[in-house]
Amino acid sequence: MAFFGVAWSITGDQGLSLAQISINVASNPATYTMAFVGAFLWAIYCNLTKHISQGQNAITLFFILTAITLWIKYALSDETAMQFDTQSIGLLLMSGIFMGSGYALWNYAIIGGNMMLLAVMSYFTPILSTLFSAVILGLTLSNTFYQGVFFVTIGSLMSWWVTREKVEPSKDIEQEA
């Protein structure tokens, strides 16, 4: 239900169509393949992090290594030189703070938090990302977006409901009855 909600919210007024999805995938297979593989890698990362971290958060090291890799890639590419002005520096700093904080909090939650709650809440990530992007870009979201949000919310609550830890009745209560 949550996946359907995400898919529905990004279709706009086109409606959800397997034919349209096939056309989109065929038009850019590398992007869709990377997204598909990335979903599995993200799930593996989230599950392994809790087990191998031993309570330590290595996200800072990850960001340093990622930054070094991306700067090397940029230096070796044919990209034009970057133009820095007050607005671009502000956006860069704001993006870095939000992304860094998000990843740090995610890792903190993975290491010591409730994985089930984290999984349920993660369904809202694409919705919130779209909402923030629309605000920043000054876009108006369609009714299908809000319908998708409804499906994501219901799907998240259903996921939580069926996977929550069931509380066993106390033996003391059973003996009193």
# chains A, B, ... in the order shown; residues from 1 in each chain; ligands from 1
call {"tool": "residues_around", "arguments": {"residues": "segment 56-70 of chain A", "least_positions_apart": "6", "cutoff": "12 Å", "atoms": "only C-alpha atoms", "output": "list in words"}}
result
Tyr45, Thr49, Lys50, Leu76, Ser77, Gly96, Met99, Gly100, Ser101, Gly102, Tyr103, Ala104, Leu105, Trp106, Asn107, Tyr108, Ala109, Ile110, Ile111 and Gly112 of chain A
call {"tool": "residues_around", "arguments": {"residues": "Ser17 of chain A", "least_positions_apart": "6", "cutoff": "10 Å", "atoms": "only C-alpha atoms", "output": "count of residues only"}}
result
3
call {"tool": "select_by_dssp", "arguments": {"residues": "segment 68-160 of chain A", "states": "alpha helix (DSSP H)", "output": "PyMOL selection string"}}
result
chain A and resi 68-76+86-112+115-122+125-137+143-160
call {"tool": "closest_residue", "arguments": {"among": "A:Leu139, A:Leu18, A:Met121, A:Thr144", "to": "Ser156 of chain A", "atoms": "only C-alpha atoms"}}
result
A:Met121
call {"tool": "closest_residue", "arguments": {"among": "A:Ser122, A:Asn24, A:Leu137, A:Thr130", "to": "Thr153 of chain A", "atoms": "only C-alpha atoms"}}
result
A:Ser122
call {"tool": "decode", "arguments": {"residues": "segment 70-81 of chain A", "atoms": "all heavy atoms", "output": "PDB file, in the first residue's frame"}}
result
ATOM      1  N   LEU A  70      34.105  12.050  -4.991  1.00  0.00           N
ATOM      2  CA  LEU A  70      33.403  12.944  -5.906  1.00  0.00           C
ATOM      3  C   LEU A  70      34.286  14.092  -6.402  1.00  0.00           C
ATOM      4  O   LEU A  70      34.179  14.503  -7.566  1.00  0.00           O
ATOM      5  CB  LEU A  70      32.131  13.483  -5.242  1.00  0.00           C
ATOM      6  CG  LEU A  70      31.033  12.430  -5.010  1.00  0.00           C
ATOM      7  CD1 LEU A  70      29.880  13.030  -4.216  1.00  0.00           C
ATOM      8  CD2 LEU A  70      30.549  11.835  -6.321  1.00  0.00           C
ATOM      9  N   TRP A  71      35.171  14.613  -5.558  1.00  0.00           N
ATOM     10  CA  TRP A  71      36.083  15.670  -6.007  1.00  0.00           C
ATOM     11  C   TRP A  71      37.081  15.128  -7.032  1.00  0.00           C
ATOM     12  O   TRP A  71      37.417  15.810  -8.000  1.00  0.00           O
ATOM     13  CB  TRP A  71      36.820  16.306  -4.828  1.00  0.00           C
ATOM     14  CG  TRP A  71      35.988  17.367  -4.145  1.00  0.00           C
ATOM     15  CD1 TRP A  71      35.494  17.317  -2.883  1.00  0.00           C
ATOM     16  CD2 TRP A  71      35.551  18.607  -4.704  1.00  0.00           C
ATOM     17  NE1 TRP A  71      34.762  18.450  -2.619  1.00  0.00           N
ATOM     18  CE2 TRP A  71      34.783  19.265  -3.724  1.00  0.00           C
ATOM     19  CE3 TRP A  71      35.721  19.227  -5.927  1.00  0.00           C
ATOM     20  CZ2 TRP A  71      34.202  20.513  -3.932  1.00  0.00           C
ATOM     21  CZ3 TRP A  71      35.126  20.466  -6.146  1.00  0.00           C
ATOM     22  CH2 TRP A  71      34.385  21.094  -5.147  1.00  0.00           C
ATOM     23  N   ILE A  72      37.539  13.904  -6.832  1.00  0.00           N
ATOM     24  CA  ILE A  72      38.438  13.286  -7.816  1.00  0.00           C
ATOM     25  C   ILE A  72      37.700  13.090  -9.141  1.00  0.00           C
ATOM     26  O   ILE A  72      38.224  13.398 -10.218  1.00  0.00           O
ATOM     27  CB  ILE A  72      39.009  11.944  -7.288  1.00  0.00           C
ATOM     28  CG1 ILE A  72      39.973  12.215  -6.138  1.00  0.00           C
ATOM     29  CG2 ILE A  72      39.689  11.151  -8.405  1.00  0.00           C
ATOM     30  CD1 ILE A  72      40.409  10.960  -5.390  1.00  0.00           C
ATOM     31  N   LYS A  73      36.462  12.600  -9.062  1.00  0.00           N
ATOM     32  CA  LYS A  73      35.654  12.413 -10.280  1.00  0.00           C
ATOM     33  C   LYS A  73      35.452  13.748 -10.990  1.00  0.00           C
ATOM     34  O   LYS A  73      35.565  13.838 -12.217  1.00  0.00           O
ATOM     35  CB  LYS A  73      34.308  11.794  -9.920  1.00  0.00           C
ATOM     36  CG  LYS A  73      33.429  11.516 -11.123  1.00  0.00           C
ATOM     37  CD  LYS A  73      32.090  10.966 -10.675  1.00  0.00           C
ATOM     38  CE  LYS A  73      31.163  10.633 -11.814  1.00  0.00           C
ATOM     39  NZ  LYS A  73      30.906  11.664 -12.763  1.00  0.00           N
ATOM     40  N   TYR A  74      35.168  14.802 -10.247  1.00  0.00           N
ATOM     41  CA  TYR A  74      34.967  16.123 -10.842  1.00  0.00           C
ATOM     42  C   TYR A  74      36.262  16.615 -11.493  1.00  0.00           C
ATOM     43  O   TYR A  74      36.240  17.148 -12.611  1.00  0.00           O
ATOM     44  CB  TYR A  74      34.494  17.113  -9.782  1.00  0.00           C
ATOM     45  CG  TYR A  74      34.366  18.523 -10.296  1.00  0.00           C
ATOM     46  CD1 TYR A  74      33.310  18.876 -11.126  1.00  0.00           C
ATOM     47  CD2 TYR A  74      35.299  19.489  -9.953  1.00  0.00           C
ATOM     48  CE1 TYR A  74      33.187  20.167 -11.604  1.00  0.00           C
ATOM     49  CE2 TYR A  74      35.188  20.790 -10.431  1.00  0.00           C
ATOM     50  CZ  TYR A  74      34.138  21.121 -11.258  1.00  0.00           C
ATOM     51  OH  TYR A  74      34.022  22.396 -11.738  1.00  0.00           O
ATOM     52  N   ALA A  75      37.386  16.426 -10.813  1.00  0.00           N
ATOM     53  CA  ALA A  75      38.675  16.891 -11.354  1.00  0.00           C
ATOM     54  C   ALA A  75      39.036  16.170 -12.649  1.00  0.00           C
ATOM     55  O   ALA A  75      39.656  16.766 -13.542  1.00  0.00           O
ATOM     56  CB  ALA A  75      39.772  16.692 -10.317  1.00  0.00           C
ATOM     57  N   LEU A  76      38.654  14.916 -12.773  1.00  0.00           N
ATOM     58  CA  LEU A  76      38.967  14.133 -13.963  1.00  0.00           C
ATOM     59  C   LEU A  76      37.929  14.276 -15.076  1.00  0.00           C
ATOM     60  O   LEU A  76      38.118  13.759 -16.176  1.00  0.00           O
ATOM     61  CB  LEU A  76      39.119  12.652 -13.596  1.00  0.00           C
ATOM     62  CG  LEU A  76      40.246  12.326 -12.608  1.00  0.00           C
ATOM     63  CD1 LEU A  76      40.206  10.852 -12.228  1.00  0.00           C
ATOM     64  CD2 LEU A  76      41.598  12.728 -13.180  1.00  0.00           C
ATOM     65  N   SER A  77      36.836  14.993 -14.807  1.00  0.00           N
ATOM     66  CA  SER A  77      35.761  15.124 -15.794  1.00  0.00           C
ATOM     67  C   SER A  77      35.971  16.352 -16.670  1.00  0.00           C
ATOM     68  O   SER A  77      36.862  17.169 -16.443  1.00  0.00           O
ATOM     69  CB  SER A  77      34.414  15.215 -15.088  1.00  0.00           C
ATOM     70  OG  SER A  77      34.279  16.476 -14.467  1.00  0.00           O
ATOM     71  N   ASP A  78      35.132  16.487 -17.670  1.00  0.00           N
ATOM     72  CA  ASP A  78      35.164  17.639 -18.568  1.00  0.00           C
ATOM     73  C   ASP A  78      34.154  18.707 -18.165  1.00  0.00           C
ATOM     74  O   ASP A  78      33.785  19.547 -18.979  1.00  0.00           O
ATOM     75  CB  ASP A  78      34.854  17.180 -20.003  1.00  0.00           C
ATOM     76  CG  ASP A  78      35.939  16.295 -20.564  1.00  0.00           C
ATOM     77  OD1 ASP A  78      37.095  16.414 -20.129  1.00  0.00           O
ATOM     78  OD2 ASP A  78      35.619  15.460 -21.444  1.00  0.00           O
ATOM     79  N   GLU A  79      33.714  18.659 -16.930  1.00  0.00           N
ATOM     80  CA  GLU A  79      32.724  19.627 -16.451  1.00  0.00           C
ATOM     81  C   GLU A  79      33.317  21.033 -16.453  1.00  0.00           C
ATOM     82  O   GLU A  79      34.520  21.224 -16.264  1.00  0.00           O
ATOM     83  CB  GLU A  79      32.272  19.272 -15.034  1.00  0.00           C
ATOM     84  CG  GLU A  79      31.504  17.990 -14.940  1.00  0.00           C
ATOM     85  CD  GLU A  79      30.142  18.060 -15.591  1.00  0.00           C
ATOM     86  OE1 GLU A  79      29.501  19.126 -15.545  1.00  0.00           O
ATOM     87  OE2 GLU A  79      29.733  17.038 -16.171  1.00  0.00           O
ATOM     88  N   THR A  80      32.442  22.020 -16.645  1.00  0.00           N
ATOM     89  CA  THR A  80      32.878  23.414 -16.584  1.00  0.00           C
ATOM     90  C   THR A  80      33.181  23.790 -15.138  1.00  0.00           C
ATOM     91  O   THR A  80      32.714  23.138 -14.198  1.00  0.00           O
ATOM     92  CB  THR A  80      31.796  24.357 -17.145  1.00  0.00           C
ATOM     93  OG1 THR A  80      30.605  24.174 -16.384  1.00  0.00           O
ATOM     94  CG2 THR A  80      31.512  24.051 -18.609  1.00  0.00           C
ATOM     95  N   ALA A  81      33.942  24.841 -14.972  1.00  0.00           N
ATOM     96  CA  ALA A  81      34.307  25.296 -13.627  1.00  0.00           C
ATOM     97  C   ALA A  81      33.063  25.758 -12.879  1.00  0.00           C
ATOM     98  O   ALA A  81      32.119  26.293 -13.467  1.00  0.00           O
ATOM     99  CB  ALA A  81      35.312  26.439 -13.711  1.00  0.00           C
TER     100      ALA A  81
END
